[in-house]
>>> print(open('final-v4.cif').read())   # mmCIF, C-alpha atoms and all ligand atoms
data_input
loop_
_atom_site.label_atom_id
_atom_site.label_comp_id
_atom_site.auth_asym_id
_atom_site.auth_seq_id
_atom_site.Cartn_x
_atom_site.Cartn_y
_atom_site.Cartn_z
CA MET A 1 16.26 30.18 -13.47
CA THR A 2 12.56 29.42 -14.02
CA THR A 3 10.53 29.62 -10.80
CA VAL A 4 7.58 27.34 -10.12
CA HIS A 5 5.15 30.21 -10.74
CA GLU A 6 6.27 31.04 -14.24
CA ARG A 7 4.85 28.04 -16.06
CA ASP A 8 1.39 26.47 -16.30
CA TRP A 9 2.26 22.97 -15.12
CA VAL A 10 -1.23 21.57 -15.61
CA ALA A 11 -1.38 22.72 -19.24
CA LEU A 12 2.14 21.40 -19.88
CA GLU A 13 1.19 18.06 -18.35
CA HIS A 14 -1.81 17.80 -20.67
CA GLN A 15 0.45 18.54 -23.62
CA TYR A 16 3.33 16.21 -22.77
CA TYR A 17 2.10 13.51 -20.36
CA GLN A 18 -0.21 10.64 -21.29
CA GLY A 19 -3.73 10.84 -19.95
CA THR A 20 -3.27 7.99 -17.50
CA PHE A 21 -4.18 9.76 -14.29
CA LYS A 22 -7.21 11.54 -12.99
CA ARG A 23 -5.44 14.22 -10.97
CA LEU A 24 -6.56 16.88 -8.54
CA PRO A 25 -5.69 20.38 -9.76
CA LEU A 26 -2.73 20.76 -7.46
CA THR A 27 0.99 20.85 -8.25
CA LEU A 28 3.01 19.91 -5.19
CA VAL A 29 6.51 21.29 -4.91
CA ARG A 30 7.78 20.78 -1.35
CA GLY A 31 7.04 18.76 1.76
CA GLU A 32 8.09 18.57 5.38
CA GLY A 33 6.74 16.04 7.91
CA VAL A 34 3.00 15.61 7.32
CA ARG A 35 2.70 18.87 5.39
CA VAL A 36 3.12 19.76 1.71
CA TRP A 37 3.10 23.02 -0.22
CA ASP A 38 1.77 23.63 -3.72
CA SER A 39 3.24 25.79 -6.49
CA GLU A 40 1.28 28.79 -5.16
CA GLY A 41 2.80 28.39 -1.70
CA LYS A 42 -0.38 27.07 -0.05
CA GLU A 43 0.10 24.59 2.82
CA TYR A 44 -1.76 21.28 3.19
CA LEU A 45 -1.97 18.70 5.95
CA ASP A 46 -1.57 15.45 4.06
CA LEU A 47 -3.47 12.29 5.05
CA VAL A 48 -2.67 10.63 1.72
CA ALA A 49 1.13 10.43 2.06
CA GLY A 50 1.77 9.50 -1.56
CA ILE A 51 -0.81 6.68 -1.17
CA ALA A 52 0.68 5.13 1.98
CA VAL A 53 4.25 5.58 0.72
CA ASN A 54 5.69 8.42 2.81
CA VAL A 55 5.68 6.49 6.07
CA LEU A 56 8.26 8.86 7.62
CA GLY A 57 6.53 11.93 6.20
CA TYR A 58 8.22 14.27 3.74
CA CYS A 59 11.96 14.97 3.88
CA HIS A 60 12.73 12.96 6.99
CA PRO A 61 16.39 13.68 7.90
CA ALA A 62 17.20 9.94 8.00
CA ILE A 63 16.09 9.46 4.36
CA ILE A 64 17.87 12.63 3.23
CA LYS A 65 21.11 11.53 4.88
CA ALA A 66 20.95 7.95 3.57
CA VAL A 67 20.19 8.99 0.00
CA GLN A 68 22.73 11.83 -0.02
CA GLU A 69 25.49 9.57 1.28
CA GLN A 70 24.64 6.67 -1.01
CA VAL A 71 24.41 8.82 -4.11
CA THR A 72 28.04 9.83 -3.68
CA GLN A 73 29.11 6.18 -3.33
CA LEU A 74 27.11 3.95 -5.67
CA VAL A 75 23.69 4.52 -7.21
CA HIS A 76 23.43 1.34 -9.24
CA THR A 77 25.48 -1.79 -9.85
CA SER A 78 23.11 -4.43 -11.36
CA ASN A 79 22.55 -7.77 -9.70
CA LEU A 80 25.61 -9.25 -11.37
CA PHE A 81 27.45 -8.17 -8.21
CA TYR A 82 26.80 -8.04 -4.48
CA ASN A 83 25.93 -4.70 -2.89
CA ILE A 84 25.94 -3.89 0.80
CA PRO A 85 22.66 -1.91 1.24
CA GLN A 86 20.76 -4.74 -0.48
CA VAL A 87 22.14 -7.32 1.91
CA GLU A 88 21.54 -5.03 4.91
CA LEU A 89 17.91 -4.41 3.94
CA ALA A 90 17.30 -8.11 3.37
CA GLU A 91 18.88 -8.84 6.77
CA GLN A 92 16.59 -6.35 8.52
CA LEU A 93 13.51 -7.76 6.80
CA GLY A 94 14.70 -11.27 7.63
CA LYS A 95 14.82 -10.35 11.31
CA LEU A 96 11.40 -8.67 11.22
CA SER A 97 9.77 -11.59 9.42
CA GLY A 98 11.18 -14.46 11.48
CA GLY A 99 13.78 -15.51 8.93
CA MET A 100 12.24 -14.96 5.50
CA ARG A 101 14.57 -14.26 2.55
CA SER A 102 14.00 -11.26 0.28
CA PHE A 103 13.88 -10.53 -3.43
CA PHE A 104 13.80 -6.82 -4.30
CA CYS A 105 12.10 -5.20 -7.29
CA ASN A 106 10.72 -1.74 -8.03
CA SER A 107 6.99 -1.75 -7.31
CA GLY A 108 4.13 -3.56 -5.69
CA ALA A 109 2.90 -5.09 -8.92
CA GLU A 110 6.36 -6.54 -9.58
CA ALA A 111 6.49 -7.97 -6.07
CA ASN A 112 3.15 -9.71 -6.63
CA GLU A 113 4.29 -10.94 -10.05
CA ALA A 114 7.31 -12.51 -8.37
CA ALA A 115 5.03 -14.10 -5.76
CA ILE A 116 2.74 -15.53 -8.45
CA LYS A 117 5.70 -16.95 -10.38
CA LEU A 118 7.11 -18.47 -7.20
CA ALA A 119 3.74 -20.03 -6.37
CA ARG A 120 3.60 -21.52 -9.88
CA LYS A 121 7.03 -23.01 -9.34
CA TYR A 122 5.77 -24.52 -6.09
CA GLY A 123 2.82 -25.98 -8.00
CA ARG A 124 5.11 -27.48 -10.62
CA LEU A 125 7.35 -29.07 -8.00
CA HIS A 126 4.93 -29.99 -5.24
CA ARG A 127 1.32 -29.97 -6.47
CA ASN A 128 1.20 -31.75 -9.83
CA GLY A 129 1.56 -28.62 -11.93
CA ALA A 130 -1.17 -26.63 -10.17
CA TYR A 131 -1.02 -22.95 -11.11
CA GLU A 132 -4.27 -21.22 -10.21
CA VAL A 133 -4.37 -18.38 -7.68
CA ILE A 134 -7.50 -17.58 -5.67
CA SER A 135 -7.78 -13.95 -4.61
CA MET A 136 -10.60 -11.83 -3.16
CA HIS A 137 -13.40 -9.72 -4.56
CA ASN A 138 -12.64 -6.02 -4.23
CA SER A 139 -8.91 -6.65 -3.89
CA PHE A 140 -6.13 -4.70 -5.60
CA HIS A 141 -2.80 -6.27 -6.53
CA GLY A 142 -1.34 -4.11 -9.31
CA ARG A 143 -1.51 -3.10 -12.97
CA THR A 144 0.53 -5.72 -14.83
CA LEU A 145 -1.55 -8.26 -16.72
CA ALA A 146 -1.15 -11.02 -14.11
CA THR A 147 -1.79 -8.72 -11.16
CA THR A 148 -4.74 -7.21 -13.00
CA ALA A 149 -6.07 -10.75 -13.38
CA ALA A 150 -5.58 -11.24 -9.63
CA THR A 151 -7.30 -7.95 -8.80
CA GLY A 152 -10.91 -8.60 -7.83
CA GLN A 153 -12.44 -5.48 -9.34
CA PRO A 154 -13.99 -5.89 -12.79
CA SER A 155 -13.53 -2.18 -13.54
CA TYR A 156 -9.75 -2.71 -13.62
CA GLN A 157 -10.04 -5.84 -15.74
CA ALA A 158 -12.70 -5.21 -18.37
CA ALA A 159 -10.57 -3.31 -20.88
CA TRP A 160 -7.69 -5.80 -20.91
CA THR A 161 -9.23 -9.14 -21.73
CA PRO A 162 -8.12 -11.78 -22.43
CA LEU A 163 -6.29 -11.72 -19.11
CA PRO A 164 -3.76 -14.42 -18.23
CA ASP A 165 -5.31 -17.72 -17.25
CA GLY A 166 -5.18 -19.08 -13.72
CA PHE A 167 -6.94 -16.54 -11.50
CA GLN A 168 -10.32 -16.47 -9.81
CA GLN A 169 -11.85 -14.38 -7.05
CA VAL A 170 -14.13 -15.18 -4.12
CA PRO A 171 -15.83 -12.94 -1.52
CA LEU A 172 -13.60 -11.61 1.27
CA ASN A 173 -13.97 -13.29 4.67
CA ASP A 174 -15.84 -16.24 3.17
CA LEU A 175 -13.83 -19.36 3.92
CA ASP A 176 -16.47 -21.68 2.49
CA ALA A 177 -16.20 -19.85 -0.83
CA VAL A 178 -12.42 -20.35 -0.82
CA LYS A 179 -12.88 -24.04 -0.11
CA ALA A 180 -15.52 -24.41 -2.83
CA ALA A 181 -13.25 -22.65 -5.35
CA THR A 182 -10.23 -24.82 -4.57
CA SER A 183 -9.50 -27.53 -7.13
CA GLU A 184 -6.55 -29.68 -8.17
CA LYS A 185 -5.47 -26.67 -10.29
CA THR A 186 -5.24 -24.33 -7.28
CA VAL A 187 -1.77 -23.55 -5.97
CA ALA A 188 -2.10 -20.36 -3.90
CA ILE A 189 -4.36 -17.97 -2.05
CA LEU A 190 -3.48 -14.29 -2.38
CA VAL A 191 -4.98 -11.89 0.16
CA GLU A 192 -4.61 -8.35 1.47
CA VAL A 193 -4.99 -8.75 5.23
CA VAL A 194 -6.54 -5.28 5.17
CA GLN A 195 -7.89 -4.37 1.73
CA GLY A 196 -6.56 -0.92 0.84
CA GLU A 197 -7.60 0.38 -2.55
CA GLY A 198 -10.90 -1.49 -2.22
CA GLY A 199 -11.86 0.84 0.65
CA ILE A 200 -10.04 -0.31 3.84
CA TRP A 201 -11.71 -3.61 4.70
CA PRO A 202 -9.91 -5.70 7.32
CA THR A 203 -10.19 -9.47 7.09
CA THR A 204 -11.48 -11.34 10.13
CA LYS A 205 -9.22 -13.40 12.35
CA GLU A 206 -11.36 -16.49 11.70
CA PHE A 207 -10.92 -16.03 7.96
CA MET A 208 -7.14 -15.58 8.06
CA GLN A 209 -6.68 -18.49 10.48
CA GLY A 210 -9.04 -20.57 8.37
CA LEU A 211 -7.01 -19.74 5.25
CA ARG A 212 -3.80 -20.77 6.97
CA GLN A 213 -5.29 -24.07 8.04
CA TRP A 214 -6.83 -24.70 4.60
CA CYS A 215 -3.47 -24.01 2.92
CA ASP A 216 -1.75 -26.43 5.29
CA GLU A 217 -4.34 -29.15 4.73
CA GLN A 218 -4.45 -28.76 0.94
CA ASN A 219 -0.75 -28.08 0.33
CA LEU A 220 -1.43 -24.53 -0.92
CA VAL A 221 0.73 -21.42 -0.68
CA LEU A 222 -0.59 -18.50 1.39
CA ILE A 223 0.52 -15.13 -0.03
CA CYS A 224 -0.15 -11.96 2.00
CA ASP A 225 -0.04 -8.73 0.00
CA GLU A 226 1.28 -6.27 2.61
CA ILE A 227 2.05 -3.58 0.05
CA GLN A 228 -0.32 -1.08 1.64
CA ALA A 229 -0.88 -2.57 5.11
CA GLY A 230 2.75 -3.44 5.91
CA MET A 231 5.61 -1.34 7.31
CA GLY A 232 3.90 -0.80 10.68
CA ARG A 233 0.86 1.02 9.31
CA THR A 234 -1.69 -1.19 11.06
CA GLY A 235 0.08 -1.22 14.44
CA THR A 236 2.35 -4.24 13.87
CA PHE A 237 5.16 -4.36 11.31
CA PHE A 238 3.21 -6.86 9.19
CA SER A 239 -0.55 -6.75 9.59
CA TRP A 240 -0.74 -10.58 9.70
CA GLU A 241 1.11 -10.54 13.02
CA GLN A 242 -2.20 -9.46 14.64
CA TYR A 243 -3.97 -12.49 13.22
CA GLY A 244 -1.86 -15.24 14.76
CA ILE A 245 -0.78 -16.63 11.38
CA ARG A 246 2.35 -16.75 9.23
CA PRO A 247 2.05 -16.59 5.43
CA ASP A 248 4.41 -18.49 3.13
CA ILE A 249 5.06 -15.47 0.91
CA VAL A 250 4.77 -11.74 1.72
CA THR A 251 4.89 -8.80 -0.68
CA LEU A 252 5.91 -5.26 0.27
CA ALA A 253 6.45 -1.99 -1.64
CA LYS A 254 5.04 1.52 -1.06
CA GLY A 255 6.63 2.67 2.24
CA LEU A 256 9.56 0.25 2.27
CA ALA A 257 12.09 2.90 1.21
CA GLY A 258 10.23 5.93 2.53
CA GLY A 259 9.35 7.21 -0.96
CA VAL A 260 12.17 5.84 -3.10
CA PRO A 261 10.71 3.22 -5.50
CA ILE A 262 11.12 -0.35 -4.29
CA GLY A 263 9.21 -3.61 -3.96
CA ALA A 264 10.00 -6.82 -2.11
CA MET A 265 8.87 -10.42 -2.18
CA LEU A 266 9.73 -12.34 0.98
CA THR A 267 9.45 -16.07 1.36
CA GLY A 268 9.79 -18.66 4.08
CA PRO A 269 11.70 -21.92 3.58
CA ARG A 270 8.78 -23.97 2.18
CA THR A 271 8.55 -21.76 -0.92
CA ASP A 272 12.16 -20.51 -1.16
CA LEU A 273 12.53 -22.15 -4.58
CA PHE A 274 13.96 -19.70 -7.11
CA THR A 275 17.30 -20.73 -8.56
CA PRO A 276 19.76 -18.41 -10.35
CA GLY A 277 18.38 -17.02 -13.62
CA GLU A 278 14.75 -18.03 -13.04
CA HIS A 279 13.64 -14.55 -12.06
CA GLY A 280 15.41 -11.21 -12.09
CA THR A 281 15.43 -7.45 -12.46
CA THR A 282 17.85 -4.76 -13.59
CA PHE A 283 17.06 -2.06 -11.05
CA GLY A 284 15.54 -4.10 -8.22
CA GLY A 285 17.55 -4.00 -5.01
CA ASN A 286 19.85 -1.24 -6.19
CA PRO A 287 22.03 0.44 -3.56
CA LEU A 288 20.18 3.77 -3.65
CA ALA A 289 16.72 2.33 -2.99
CA CYS A 290 18.03 -0.17 -0.46
CA SER A 291 19.96 2.44 1.52
CA ALA A 292 16.72 4.43 1.80
CA GLY A 293 15.01 1.21 2.88
CA VAL A 294 17.58 0.53 5.59
CA ALA A 295 17.16 4.09 6.90
CA THR A 296 13.36 3.76 6.81
CA LEU A 297 13.28 0.52 8.80
CA LYS A 298 15.84 1.80 11.31
CA THR A 299 13.81 4.99 11.85
CA ILE A 300 10.50 3.14 12.18
CA LEU A 301 12.01 1.03 14.97
CA GLU A 302 14.05 3.77 16.69
CA GLU A 303 11.21 6.33 16.69
CA LYS A 304 8.69 3.68 17.77
CA LEU A 305 6.48 4.49 14.81
CA ILE A 306 4.66 1.15 14.86
CA GLU A 307 3.40 1.93 18.36
CA ASN A 308 2.59 5.46 17.21
CA ALA A 309 0.56 4.07 14.29
CA ALA A 310 -1.50 1.95 16.70
CA GLN A 311 -2.09 4.84 19.13
CA MET A 312 -2.72 7.55 16.54
CA GLY A 313 -4.93 5.17 14.57
CA ALA A 314 -7.14 4.63 17.60
CA TYR A 315 -7.16 8.38 18.28
CA TRP A 316 -8.13 9.21 14.69
CA HIS A 317 -10.88 6.59 14.84
CA GLU A 318 -12.35 8.47 17.82
CA HIS A 319 -12.33 11.70 15.81
CA LEU A 320 -13.92 9.97 12.82
CA SER A 321 -16.59 8.31 14.96
CA SER A 322 -17.61 11.60 16.52
CA LEU A 323 -17.68 13.33 13.11
CA CYS A 324 -19.84 10.46 11.81
CA SER A 325 -22.35 11.00 14.61
CA LYS A 326 -22.41 14.74 13.95
CA TYR A 327 -22.57 14.70 10.11
CA PRO A 328 -25.00 12.13 8.69
CA ILE A 329 -23.43 12.24 5.22
CA ILE A 330 -20.59 10.05 6.56
CA ASP A 331 -20.77 6.73 8.41
CA SER A 332 -19.02 3.36 8.89
CA PRO A 333 -15.66 4.52 10.27
CA ARG A 334 -13.34 1.54 9.94
CA GLY A 335 -9.78 0.32 9.63
CA LEU A 336 -6.73 -0.72 11.57
CA GLY A 337 -3.95 1.56 12.87
CA LEU A 338 -3.29 4.39 10.43
CA MET A 339 -5.26 2.76 7.63
CA ARG A 340 -8.72 4.30 7.95
CA ALA A 341 -11.83 5.01 5.91
CA VAL A 342 -15.36 6.32 6.16
CA HIS A 343 -18.32 5.78 3.87
CA VAL A 344 -19.74 8.92 2.22
CA LYS A 345 -23.40 8.94 1.20
CA HIS A 346 -24.83 10.08 -2.18
CA GLU A 347 -21.45 9.50 -3.93
CA LEU A 348 -20.16 12.70 -2.35
CA ALA A 349 -16.63 11.50 -1.62
CA PRO A 350 -15.10 13.47 -4.53
CA ALA A 351 -16.89 16.63 -3.33
CA LEU A 352 -15.59 16.05 0.19
CA VAL A 353 -12.03 15.63 -1.09
CA GLU A 354 -12.39 18.84 -3.08
CA ARG A 355 -13.76 20.84 -0.11
CA ALA A 356 -11.08 19.39 2.22
CA MET A 357 -8.41 20.45 -0.25
CA ALA A 358 -9.84 23.96 -0.33
CA HIS A 359 -9.46 24.05 3.47
CA GLY A 360 -5.88 22.71 3.34
CA LEU A 361 -6.42 18.99 4.00
CA LEU A 362 -5.47 16.25 1.54
CA LEU A 363 -7.70 13.16 1.49
CA ASN A 364 -8.17 10.35 -1.03
CA ASN A 365 -11.33 8.78 -2.38
CA PRO A 366 -10.64 5.38 -3.95
CA SER A 367 -14.31 5.36 -4.99
CA LYS A 368 -17.20 7.81 -5.06
CA ASP A 369 -18.45 6.64 -1.68
CA THR A 370 -15.25 6.14 0.31
CA ILE A 371 -12.69 8.44 1.89
CA ARG A 372 -9.37 6.75 2.66
CA MET A 373 -6.81 8.12 5.14
CA ILE A 374 -3.31 6.64 5.19
CA PRO A 375 -1.06 9.34 6.70
CA PRO A 376 2.63 9.18 7.61
CA LEU A 377 3.34 7.03 10.68
CA THR A 378 4.99 10.10 12.24
CA ILE A 379 1.66 11.93 12.63
CA THR A 380 0.90 13.42 16.06
CA ARG A 381 -2.22 14.09 18.13
CA ALA A 382 -1.93 17.80 17.36
CA ASP A 383 -1.81 17.04 13.62
CA LEU A 384 -4.88 14.84 13.92
CA ASP A 385 -6.75 17.48 15.94
CA GLN A 386 -6.00 19.94 13.14
CA ALA A 387 -7.04 17.37 10.51
CA ALA A 388 -10.35 16.79 12.32
CA ALA A 389 -11.05 20.53 12.43
CA LEU A 390 -10.32 20.88 8.69
CA LEU A 391 -12.38 17.80 7.86
CA GLU A 392 -15.26 19.23 9.86
CA ARG A 393 -15.20 22.41 7.77
CA ALA A 394 -15.30 20.33 4.59
CA LEU A 395 -18.19 18.28 6.01
CA GLN A 396 -20.09 21.48 6.78
CA ASP A 397 -19.62 22.66 3.18
CA VAL A 398 -20.73 19.38 1.64
CA THR A 399 -23.68 19.03 4.02
CA ALA A 400 -24.81 22.57 3.14
CA SER A 401 -24.55 21.75 -0.57
CA VAL A 402 -27.08 18.90 -0.33
CA GLN A 403 -29.63 20.71 1.86
C1 LIG B 501 -2.34 -3.93 -1.79
C2 LIG B 501 -1.64 -3.45 -3.02
N1 LIG B 501 -1.01 -4.34 -3.80
C3 LIG B 501 -0.36 -3.95 -4.91
C4 LIG B 501 -0.33 -2.63 -5.30
C5 LIG B 501 0.42 -2.22 -6.55
O1 LIG B 501 1.55 -1.50 -6.20
P1 LIG B 501 2.32 -0.61 -7.30
O2 LIG B 501 1.41 0.51 -7.66
O3 LIG B 501 3.56 -0.17 -6.59
O4 LIG B 501 2.61 -1.52 -8.45
C6 LIG B 501 -0.98 -1.67 -4.52
C7 LIG B 501 -1.00 -0.25 -4.93
O5 LIG B 501 -1.84 0.52 -4.56
C8 LIG B 501 -1.65 -2.09 -3.35
O6 LIG B 501 -2.30 -1.20 -2.57
#
>>> encode(input="final-v4.cif", output="structure tokens")
Amino acid sequence: MTTVHERDWVALEHQYYQGTFKRLPLTLVRGEGVRVWDSEGKEYLDLVAGIAVNVLGYCHPAIIKAVQEQVTQLVHTSNLFYNIPQVELAEQLGKLSGGMRSFFCNSGAEANEAAIKLARKYGRLHRNGAYEVISMHNSFHGRTLATTAATGQPSYQAAWTPLPDGFQQVPLNDLDAVKAATSEKTVAILVEVVQGEGGIWPTTKEFMQGLRQWCDEQNLVLICDEIQAGMGRTGTFFSWEQYGIRPDIVTLAKGLAGGVPIGAMLTGPRTDLFTPGEHGTTFGGNPLACSAGVATLKTILEEKLIENAAQMGAYWHEHLSSLCSKYPIIDSPRGLGLMRAVHVKHELAPALVERAMAHGLLLNNPSKDTIRMIPPLTITRADLDQAAALLERALQDVTASVQ
């Protein structure tokens, strides 16, 4: 049998995999809790968690058990038939969302595509054929053409023009701009309650409540993209719960099945409009992914991980604030729950990620001036104390390099 050491995985990747990703030079082979090991056996404390996916950490026994059991029963059936894990997962999400009904797919982009299609159907039926979606500058909603058009970052859009018609962006937290952009063509407002990929920027309560009121007054659909901020990460199961509003449509993905690919589009009664055949998917909602989803939700509730996310988030913010006052190359600690970021001066975020990795800490920089931290919801105080110590060593290195 070939062992992980015997082959040059990076060279093989370059030979056989398309050049889509800018990767760090690290091949991960095993994980447990908040820690992963690379092909050389080196251990890392991981604050990236598969980009907010591994909400229960690596190899949580509940996910292992659910997947192992399901794989011996039924991996896939198609949506021509009913399957029990799909119904169970939809039931759990229905209870958590105050009665919304689910549609399952395989990714966040697909969940947002479904939401956009549903909003267009609403426009056709209830707003004279309106179809336009207003989203926010600096947002991220996926890589399909429609979700690229909804994503408010020109760098993701420039290469793919012409993008589908019917999307425009306005500044985050600017209700007047939303109102000014609304026309008879507008059908929906799409918003991340806490922007993730854009650098962890929470919306304000006034903005979210203003959006809700504007949607009610103008007969618009409010879509909350909870793909990164949902699943308890911000200290409530859905981040909008902290804002005193209820969206019409919610999208989820990332952590929903603890690492097994899945997406979901949830809707309340006003927009529950799809009829058989109008939208669909081959894999979406398959028993394997849904059984992992059921186990993930059950574990989040049983292990009180939403409360843990709120407490550990506040604790990590204290660490980040004190590191910011000690090391001037970082500032602006921000975020909600276990969705955190700091600003890094002089575009040194990639250098900080590299030094942290050398010290055994995995971080992510969505841009050259931002470090994002989105660890498993299972993380403990002791883990965060260790993470702070490792981050401090990386900060010392990077500070020394610019002096
Ligand atoms: C808020 C948000 N929406 C949508 C997506 C797209 O999800 P996926 O990569 O699963 O298509 C992401 C992914 O980072 C995201 O953070």
>>> closest_residue(input="final-v4.cif", among="A:Arg212, A:Arg143, A:His346, A:Arg340", to="ligand LIG 501 (chain B)", atoms="all atoms listed in the file")
A:Arg143
>>> residues_near_ligand(input="final-v4.cif", ligand="ligand LIG 501 (chain B)", cutoff="7 Å", atoms="only C-alpha atoms and all ligand atoms", output="MDAnalysis selection string")
chainID A and resid 107:110 112 140:143 192 195:197 225:228 253:254
>>> residues_around(input="final-v4.cif", residues="A:Met373", least_positions_apart="5", cutoff="7 Å", atoms="only C-alpha atoms", output="JSON, numbers by chain")
{"A": [47, 48, 339, 340, 341, 363, 364]}
>>> residues_around(input="final-v4.cif", residues="A:Ala62", least_positions_apart="5", cutoff="10 Å", atoms="all atoms listed in the file", output="ChimeraX atom specification")
/A:56,67-68,258,292,294-296,298-299
>>> atom_distance(input="final-v4.cif", atom1="atom CA of A:His343", atom2="atom CA of A:Thr203")
17.6 Å
>>> residues_around(input="final-v4.cif", residues="stretch 277-284 of chain A", least_positions_apart="2", cutoff="8 Å", atoms="only C-alpha atoms", output="PyMOL selection string")
chain A and resi 76+78-79+104-106+114+262-263+274-275+286
>>> atom_distance(input="final-v4.cif", atom1="atom CA of A:Ala146", atom2="atom CA of A:Pro164")
5.9 Å
>>> closest_residue(input="final-v4.cif", among="A:Asp383, A:Glu303, A:Asp8, A:Glu132", to="A:Val55", atoms="only C-alpha atoms")
A:Glu303
>>> residues_around(input="final-v4.cif", residues="stretch 33-35 of chain A", least_positions_apart="3", cutoff="6 Å", atoms="only C-alpha atoms", output="list in words")
Tyr44, Leu45, Asp46, Gly57 and Tyr58 of chain A
>>> atom_distance(input="final-v4.cif", atom1="atom CA of A:Ala188", atom2="atom CA of A:Trp201")
21.1 Å
>>> residues_around(input="final-v4.cif", residues="A:Pro247", least_positions_apart="5", cutoff="7 Å", atoms="all atoms listed in the file", output="PyMOL selection string")
chain A and resi 222-224
>>> closest_residue(input="final-v4.cif", among="A:Gln396, A:Gln209, A:Ser291, A:Gln403", to="A:Gln92", atoms="all atoms listed in the file")
A:Ser291
>>> closest_residue(input="final-v4.cif", among="A:Asn219, A:Tyr156, A:Pro85, A:Asn173", to="A:Ala130", atoms="only C-alpha atoms")
A:Asn219
>>> closest_residue(input="final-v4.cif", among="A:Ala229, A:Lys42, A:Ala158, A:Arg127", to="A:Ser183", atoms="all atoms listed in the file")
A:Arg127
>>> build_atoms(input="final-v4.cif", residues="stretch 94-105 of chain A", atoms="N, CA, C and O atoms", output="compact mmCIF listing (two decimals), in the frame of the given file")
# COMPACT_ATOMS: atom_id res chain seq x y z
N GLY A 94 14.61 -9.89 7.13
CA GLY A 94 14.70 -11.27 7.63
C GLY A 94 14.43 -11.32 9.13
O GLY A 94 13.69 -12.18 9.63
N LYS A 95 15.02 -10.37 9.85
CA LYS A 95 14.82 -10.35 11.31
C LYS A 95 13.38 -10.01 11.66
O LYS A 95 12.80 -10.57 12.59
N LEU A 96 12.78 -9.08 10.91
CA LEU A 96 11.40 -8.67 11.22
C LEU A 96 10.38 -9.74 10.85
O LEU A 96 9.27 -9.77 11.40
N SER A 97 10.75 -10.62 9.92
CA SER A 97 9.77 -11.59 9.42
C SER A 97 10.00 -13.00 9.97
O SER A 97 9.38 -13.94 9.50
N GLY A 98 10.90 -13.13 10.92
CA GLY A 98 11.18 -14.46 11.48
C GLY A 98 11.94 -15.33 10.48
O GLY A 98 11.68 -16.52 10.39
N GLY A 99 12.84 -14.72 9.73
CA GLY A 99 13.78 -15.51 8.93
C GLY A 99 13.46 -15.64 7.46
O GLY A 99 14.08 -16.45 6.77
N MET A 100 12.51 -14.86 6.94
CA MET A 100 12.24 -14.96 5.50
C MET A 100 13.38 -14.35 4.68
O MET A 100 14.06 -13.44 5.16
N ARG A 101 13.56 -14.84 3.44
CA ARG A 101 14.57 -14.26 2.55
C ARG A 101 13.89 -13.37 1.52
O ARG A 101 12.77 -13.64 1.10
N SER A 102 14.59 -12.30 1.12
CA SER A 102 14.00 -11.26 0.28
C SER A 102 14.41 -11.37 -1.18
O SER A 102 15.50 -11.85 -1.50
N PHE A 103 13.53 -10.87 -2.05
CA PHE A 103 13.88 -10.53 -3.43
C PHE A 103 13.38 -9.11 -3.63
O PHE A 103 12.22 -8.82 -3.31
N PHE A 104 14.23 -8.21 -4.13
CA PHE A 104 13.80 -6.82 -4.30
C PHE A 104 13.51 -6.50 -5.76
O PHE A 104 14.21 -6.97 -6.67
N CYS A 105 12.47 -5.68 -5.96
CA CYS A 105 12.10 -5.20 -7.29
C CYS A 105 11.75 -3.72 -7.15
O CYS A 105 12.26 -3.07 -6.22
